[in-house]
Amino acid sequence: MFSATLIRSKPVVANAIRFNHVKVALVTGSTTGMGRAMAFRFAKEGYNVAITGLGAKEDIDSELKELRDLGVKAEFVSANLMKSDECKALINDTLSHFGRIDVVVNNAGMQHVSPIEDFADEKWDNVIALNLSSCFHTTKAVLPAMRKQNFGRIINIASLHGLVASVNKSAYVAAKHGLLGLTKAVALETAQENITCNAICPGWVYTPLVAEQIAARAKAKGVSFDEEKVRLVSEKHPSGRFVEVEDLASMTLFLASDSAKEIRGASY
């Protein structure tokens with residue numbers, strides 16, 4: 001628990017204090033990109049943070065140190081989110097570390113680009129498992145704890161591909177469309193409770209995942225990475241600019257707040 005001195009010196013920390021406890025946020029896929037930015041935004045607001053994702057041990061240790069230097073408790077919880085039992089273990093281990101979970105951000109994801117007739121069955125199964133099924137399993141596992149504490153925020157990071165389709169991305173599009181359906185179903189099932197479920201549907205955000213797609217497109221077209229980067233974002237964004245990870249972190253924080261307590265089943 002923070003001391004009174006710490007709370008006065010960092011007023012934002014008070015935003016995460018409810019009824020003499022510190023809120024806890026679990027962010028999946030938080031060792032890089034959007035998830036990492038979200039984890040740090042929650043920590044800066046005084047949330048204790050559980051992170052999970054891929055990465056070298058030294059990089060994860062460095063991230064944990066940076067988070068803890070903000071004056072909060074932070075833990076890394078290992079889990080293969082493509083396995084239902086490990087999704088459940090992720091929730092249980094986080095509860096063991098912190099005693100509660102107030103916010104779950106289902107952010108972990110993967111992409112595979114291929115025409116349907118060439119789309120490997122294993123790739124389809126993996127994309128669906130990580131981008132959709134893991135969100136079901138974490139939600140199922142965390143709801144009892146949220147109901148017991150009479151508070152919860154479930155935030156699913158979908159995509160504009162949850163609203164529209166693109167060629168050669170059948171698994172990703174199907175998973176993200178399904179995730180919006182899951183979001184609405186959970187929102188209905190928790191409508192009478194102090195638990196909300198919403199989705200964020202980002203457009204192009206410059207992350208390592210997107211950088212890989214740009215590199216592949218640039219190689220296929222025989223153009224430079226920078227040229228293809230501008231071309232890619234301009235296809236979908238009239239501004240010609242990528243969304244910043246910090247913008248998404250701010251949106252996630254808002255949906256986790258009391259100000260969003262009656263926003264339910266929405267897709268932003």
# chains A, B, ... in the order shown; residues from 1 in each chain; ligands from 1
$ closest_atom_pairs --of "segment 185-204 of chain A" --to "segment 138-162 of chain A" --cutoff "7 Å" --atoms "only C-alpha atoms" --output "JSON lines"
{"residue": "A:Asn194", "atom": "CA", "partner": "A:Phe151", "partner_atom": "CA", "distance": 5.1}
{"residue": "A:Ile195", "atom": "CA", "partner": "A:Gly152", "partner_atom": "CA", "distance": 4.4}
{"residue": "A:Thr196", "atom": "CA", "partner": "A:Arg153", "partner_atom": "CA", "distance": 5.1}
{"residue": "A:Cys197", "atom": "CA", "partner": "A:Ile154", "partner_atom": "CA", "distance": 4.6}
{"residue": "A:Asn198", "atom": "CA", "partner": "A:Ile155", "partner_atom": "CA", "distance": 5.1}
{"residue": "A:Ala199", "atom": "CA", "partner": "A:Asn156", "partner_atom": "CA", "distance": 4.6}
{"residue": "A:Ile200", "atom": "CA", "partner": "A:Ile157", "partner_atom": "CA", "distance": 5.0}
{"residue": "A:Cys201", "atom": "CA", "partner": "A:Ser159", "partner_atom": "CA", "distance": 3.8}
{"residue": "A:Pro202", "atom": "CA", "partner": "A:Ser159", "partner_atom": "CA", "distance": 4.9}
{"residue": "A:Gly203", "atom": "CA", "partner": "A:Leu160", "partner_atom": "CA", "distance": 5.5}
$ closest_atom_pairs --of "segment 99-150 of chain A" --to "segment 73-84 of chain A" --cutoff "9 Å" --atoms "only C-alpha atoms" --output "tab-separated table"
residue	atom	partner	partner_atom	distance
A:Ala108	CA	A:Leu81	CA	8.2
A:Asn126	CA	A:Met82	CA	6.8
A:Val127	CA	A:Met82	CA	8.7
A:Ile128	CA	A:Met82	CA	8.7
A:Ala129	CA	A:Met82	CA	5.0
A:Leu130	CA	A:Met82	CA	5.1
A:Asn131	CA	A:Met82	CA	8.8
A:Ser133	CA	A:Met82	CA	7.6
A:Ser134	CA	A:Leu81	CA	5.6
A:Cys135	CA	A:Leu81	CA	8.8
A:His137	CA	A:Ser84	CA	6.0
A:Thr138	CA	A:Ser84	CA	8.4
$ write_last_selection --atoms "N, CA, C and O atoms" --output "compact mmCIF listing (two decimals), in the first residue's frame"
# COMPACT_ATOMS: atom_id res chain seq x y z
N ALA A 108 -3.10 -9.57 -26.40
CA ALA A 108 -2.19 -10.44 -27.14
C ALA A 108 -2.79 -10.86 -28.49
O ALA A 108 -3.98 -11.15 -28.59
N ASN A 126 -3.95 -21.37 -34.83
CA ASN A 126 -3.17 -20.55 -33.90
C ASN A 126 -3.72 -19.13 -33.81
O ASN A 126 -3.81 -18.56 -32.72
N VAL A 127 -4.07 -18.55 -34.96
CA VAL A 127 -4.61 -17.18 -34.96
C VAL A 127 -5.93 -17.12 -34.20
O VAL A 127 -6.16 -16.22 -33.38
N ILE A 128 -6.81 -18.09 -34.44
CA ILE A 128 -8.09 -18.12 -33.73
C ILE A 128 -7.87 -18.34 -32.23
O ILE A 128 -8.50 -17.70 -31.38
N ALA A 129 -6.95 -19.23 -31.90
CA ALA A 129 -6.70 -19.55 -30.49
C ALA A 129 -6.21 -18.33 -29.72
O ALA A 129 -6.68 -18.06 -28.61
N LEU A 130 -5.26 -17.60 -30.28
CA LEU A 130 -4.68 -16.47 -29.56
C LEU A 130 -5.56 -15.22 -29.61
O LEU A 130 -5.78 -14.56 -28.60
N ASN A 131 -6.09 -14.91 -30.79
CA ASN A 131 -6.83 -13.66 -30.97
C ASN A 131 -8.26 -13.72 -30.47
O ASN A 131 -8.86 -12.67 -30.21
N SER A 133 -10.00 -17.18 -28.86
CA SER A 133 -10.29 -18.14 -27.80
C SER A 133 -9.65 -17.75 -26.47
O SER A 133 -10.25 -17.95 -25.40
N SER A 134 -8.44 -17.19 -26.51
CA SER A 134 -7.79 -16.81 -25.26
C SER A 134 -8.60 -15.76 -24.50
O SER A 134 -8.65 -15.76 -23.27
N CYS A 135 -9.27 -14.88 -25.25
CA CYS A 135 -10.09 -13.84 -24.61
C CYS A 135 -11.30 -14.45 -23.91
O CYS A 135 -11.71 -13.99 -22.83
N HIS A 137 -11.32 -17.54 -22.66
CA HIS A 137 -10.83 -18.30 -21.51
C HIS A 137 -10.43 -17.39 -20.35
O HIS A 137 -10.71 -17.71 -19.19
N THR A 138 -9.78 -16.26 -20.63
CA THR A 138 -9.42 -15.35 -19.54
C THR A 138 -10.65 -14.73 -18.92
O THR A 138 -10.75 -14.57 -17.70
$ select_by_dssp --residues "segment 31-253 of chain A" --states "helix (DSSP H, G or I)" --output "PyMOL selection string"
chain A and resi 33-44+57-68+84-98+116-118+121-149+160-162+170-189+208-221+225-236+245-253
$ write_last_selection --atoms "C-alpha atoms" --output "tab-separated table (two decimals), in the first residue's frame"
chain	number	residue	atom	x	y	z
A	33	GLY	CA	3.98	-2.62	-28.60
A	34	MET	CA	0.48	-1.56	-27.56
A	35	GLY	CA	0.32	-3.82	-24.53
A	36	ARG	CA	3.56	-2.47	-23.11
A	37	ALA	CA	2.31	1.10	-23.48
A	38	MET	CA	-0.94	0.15	-21.74
A	39	ALA	CA	0.88	-1.51	-18.85
A	40	PHE	CA	2.97	1.61	-18.28
A	41	ARG	CA	-0.06	3.88	-18.50
A	42	PHE	CA	-1.86	1.88	-15.82
A	43	ALA	CA	1.27	1.91	-13.65
A	44	LYS	CA	1.60	5.68	-14.00
A	57	LYS	CA	14.31	-12.62	-19.85
A	58	GLU	CA	16.58	-9.59	-19.63
A	59	ASP	CA	14.05	-7.46	-21.52
A	60	ILE	CA	11.19	-8.60	-19.29
A	61	ASP	CA	13.28	-7.98	-16.16
A	62	SER	CA	14.08	-4.50	-17.45
A	63	GLU	CA	10.39	-3.76	-18.06
A	64	LEU	CA	9.48	-4.95	-14.57
A	65	LYS	CA	12.15	-2.70	-13.05
A	66	GLU	CA	10.84	0.30	-14.98
A	67	LEU	CA	7.30	-0.42	-13.84
A	68	ARG	CA	8.35	-0.88	-10.22
A	84	SER	CA	-7.06	-22.91	-22.36
A	85	ASP	CA	-5.54	-24.33	-19.17
A	86	GLU	CA	-2.73	-21.78	-19.26
A	87	CYS	CA	-5.24	-18.94	-19.70
A	88	LYS	CA	-6.92	-20.12	-16.52
A	89	ALA	CA	-3.55	-20.47	-14.79
A	90	LEU	CA	-2.68	-16.89	-15.84
A	91	ILE	CA	-5.73	-15.58	-14.00
A	92	ASN	CA	-5.16	-17.77	-10.95
A	93	ASP	CA	-1.46	-16.90	-10.74
A	94	THR	CA	-2.23	-13.18	-11.03
A	95	LEU	CA	-4.81	-13.50	-8.25
A	96	SER	CA	-2.20	-15.28	-6.14
A	97	HIS	CA	0.29	-12.44	-6.68
A	98	PHE	CA	-2.09	-9.54	-6.09
A	116	ILE	CA	-7.45	-18.94	-48.15
A	117	GLU	CA	-6.52	-21.84	-50.43
A	118	ASP	CA	-2.91	-21.61	-49.22
A	121	ASP	CA	-4.58	-25.18	-41.08
A	122	GLU	CA	-2.16	-24.82	-38.17
A	123	LYS	CA	-1.84	-21.08	-38.81
A	124	TRP	CA	-5.64	-20.71	-38.81
A	125	ASP	CA	-5.92	-22.61	-35.53
A	126	ASN	CA	-3.17	-20.55	-33.90
A	127	VAL	CA	-4.61	-17.18	-34.96
A	128	ILE	CA	-8.09	-18.12	-33.73
A	129	ALA	CA	-6.70	-19.55	-30.49
A	130	LEU	CA	-4.68	-16.47	-29.56
A	131	ASN	CA	-6.83	-13.66	-30.97
A	132	LEU	CA	-10.23	-15.02	-29.94
A	133	SER	CA	-10.29	-18.14	-27.80
A	134	SER	CA	-7.79	-16.81	-25.26
A	135	CYS	CA	-10.09	-13.84	-24.61
A	136	PHE	CA	-12.96	-16.22	-23.86
A	137	HIS	CA	-10.83	-18.30	-21.51
A	138	THR	CA	-9.42	-15.35	-19.54
A	139	THR	CA	-12.87	-13.79	-19.26
A	140	LYS	CA	-14.43	-17.03	-18.07
A	141	ALA	CA	-11.67	-17.47	-15.49
A	142	VAL	CA	-11.71	-13.91	-14.11
A	143	LEU	CA	-15.47	-13.28	-13.87
A	144	PRO	CA	-15.96	-15.12	-10.55
A	145	ALA	CA	-13.30	-12.95	-8.87
A	146	MET	CA	-14.72	-9.76	-10.37
A	147	ARG	CA	-18.20	-10.70	-9.19
A	148	LYS	CA	-16.91	-11.43	-5.70
A	149	GLN	CA	-15.26	-8.00	-5.45
A	160	LEU	CA	-10.81	-2.37	-37.53
A	161	HIS	CA	-10.72	-5.88	-38.98
A	162	GLY	CA	-13.46	-6.62	-36.49
A	170	SER	CA	-9.18	-14.59	-43.21
A	171	ALA	CA	-8.20	-15.93	-39.78
A	172	TYR	CA	-7.44	-12.52	-38.29
A	173	VAL	CA	-10.65	-11.00	-39.67
A	174	ALA	CA	-12.73	-13.93	-38.44
A	175	ALA	CA	-11.13	-13.78	-34.98
A	176	LYS	CA	-11.63	-10.04	-34.58
A	177	HIS	CA	-15.24	-10.18	-35.78
A	178	GLY	CA	-15.77	-12.96	-33.27
A	179	LEU	CA	-14.14	-10.91	-30.53
A	180	LEU	CA	-16.67	-8.12	-31.01
A	181	GLY	CA	-19.45	-10.68	-30.69
A	182	LEU	CA	-17.90	-12.05	-27.51
A	183	THR	CA	-17.61	-8.51	-26.15
A	184	LYS	CA	-21.33	-7.90	-26.66
A	185	ALA	CA	-22.29	-11.24	-25.13
A	186	VAL	CA	-20.18	-10.64	-22.01
A	187	ALA	CA	-21.56	-7.11	-21.71
A	188	LEU	CA	-25.12	-8.48	-21.70
A	189	GLU	CA	-24.30	-11.17	-19.15
A	208	PRO	CA	6.58	-4.71	-34.23
A	209	LEU	CA	3.72	-6.80	-35.64
A	210	VAL	CA	2.87	-4.13	-38.22
A	211	ALA	CA	6.55	-3.53	-38.96
A	212	GLU	CA	6.84	-7.19	-39.98
A	213	GLN	CA	3.94	-6.77	-42.40
A	214	ILE	CA	5.51	-3.64	-43.88
A	215	ALA	CA	8.82	-5.43	-44.36
A	216	ALA	CA	7.11	-8.36	-46.11
A	217	ARG	CA	5.13	-6.04	-48.41
A	218	ALA	CA	8.22	-3.98	-49.21
A	219	LYS	CA	10.19	-7.10	-50.10
A	220	ALA	CA	7.39	-8.45	-52.29
A	221	LYS	CA	7.10	-5.15	-54.17
A	225	PHE	CA	10.62	-0.09	-46.06
A	226	ASP	CA	9.94	3.64	-45.57
A	227	GLU	CA	8.16	3.92	-48.91
A	228	GLU	CA	5.91	0.98	-48.15
A	229	LYS	CA	5.27	2.28	-44.61
A	230	VAL	CA	3.78	5.50	-45.97
A	231	ARG	CA	1.84	3.64	-48.67
A	232	LEU	CA	0.36	1.17	-46.18
A	233	VAL	CA	-0.99	3.70	-43.69
A	234	SER	CA	-2.27	6.01	-46.43
A	235	GLU	CA	-4.46	3.20	-47.82
A	236	LYS	CA	-6.65	3.31	-44.70
A	245	VAL	CA	0.41	3.39	-28.81
A	246	GLU	CA	0.01	6.10	-26.16
A	247	ASP	CA	-3.37	7.05	-27.67
A	248	LEU	CA	-4.62	3.50	-27.24
A	249	ALA	CA	-3.25	3.37	-23.70
A	250	SER	CA	-5.28	6.45	-22.85
A	251	MET	CA	-8.44	4.93	-24.30
A	252	THR	CA	-7.89	1.74	-22.33
A	253	LEU	CA	-7.42	3.69	-19.12
$ atom_distance --atom1 "atom CA of Val24 of chain A" --atom2 "atom CA of Val49 of chain A"
5.7 Å
$ select_by_dssp --residues "segment 46-124 of chain A" --states "strand (DSSP E or B)" --output "PyMOL selection string"
chain A and resi 48-52+74-76+103-106
$ atom_distance --atom1 "atom CA of Asp102 of chain A" --atom2 "atom CA of Leu70 of chain A"
19.2 Å
$ atom_distance --atom1 "atom CA of Asn48 of chain A" --atom2 "atom CA of Gly109 of chain A"
22.9 Å
$ closest_residue --among "A:Ala256, A:Ala266, A:Arg241, A:Tyr206" --to "Ile101 of chain A" --atoms "only C-alpha atoms"
A:Ala256
$ closest_residue --among "A:Leu26, A:Thr31, A:Gly53, A:Val164" --to "Val103 of chain A" --atoms "only C-alpha atoms"
A:Leu26
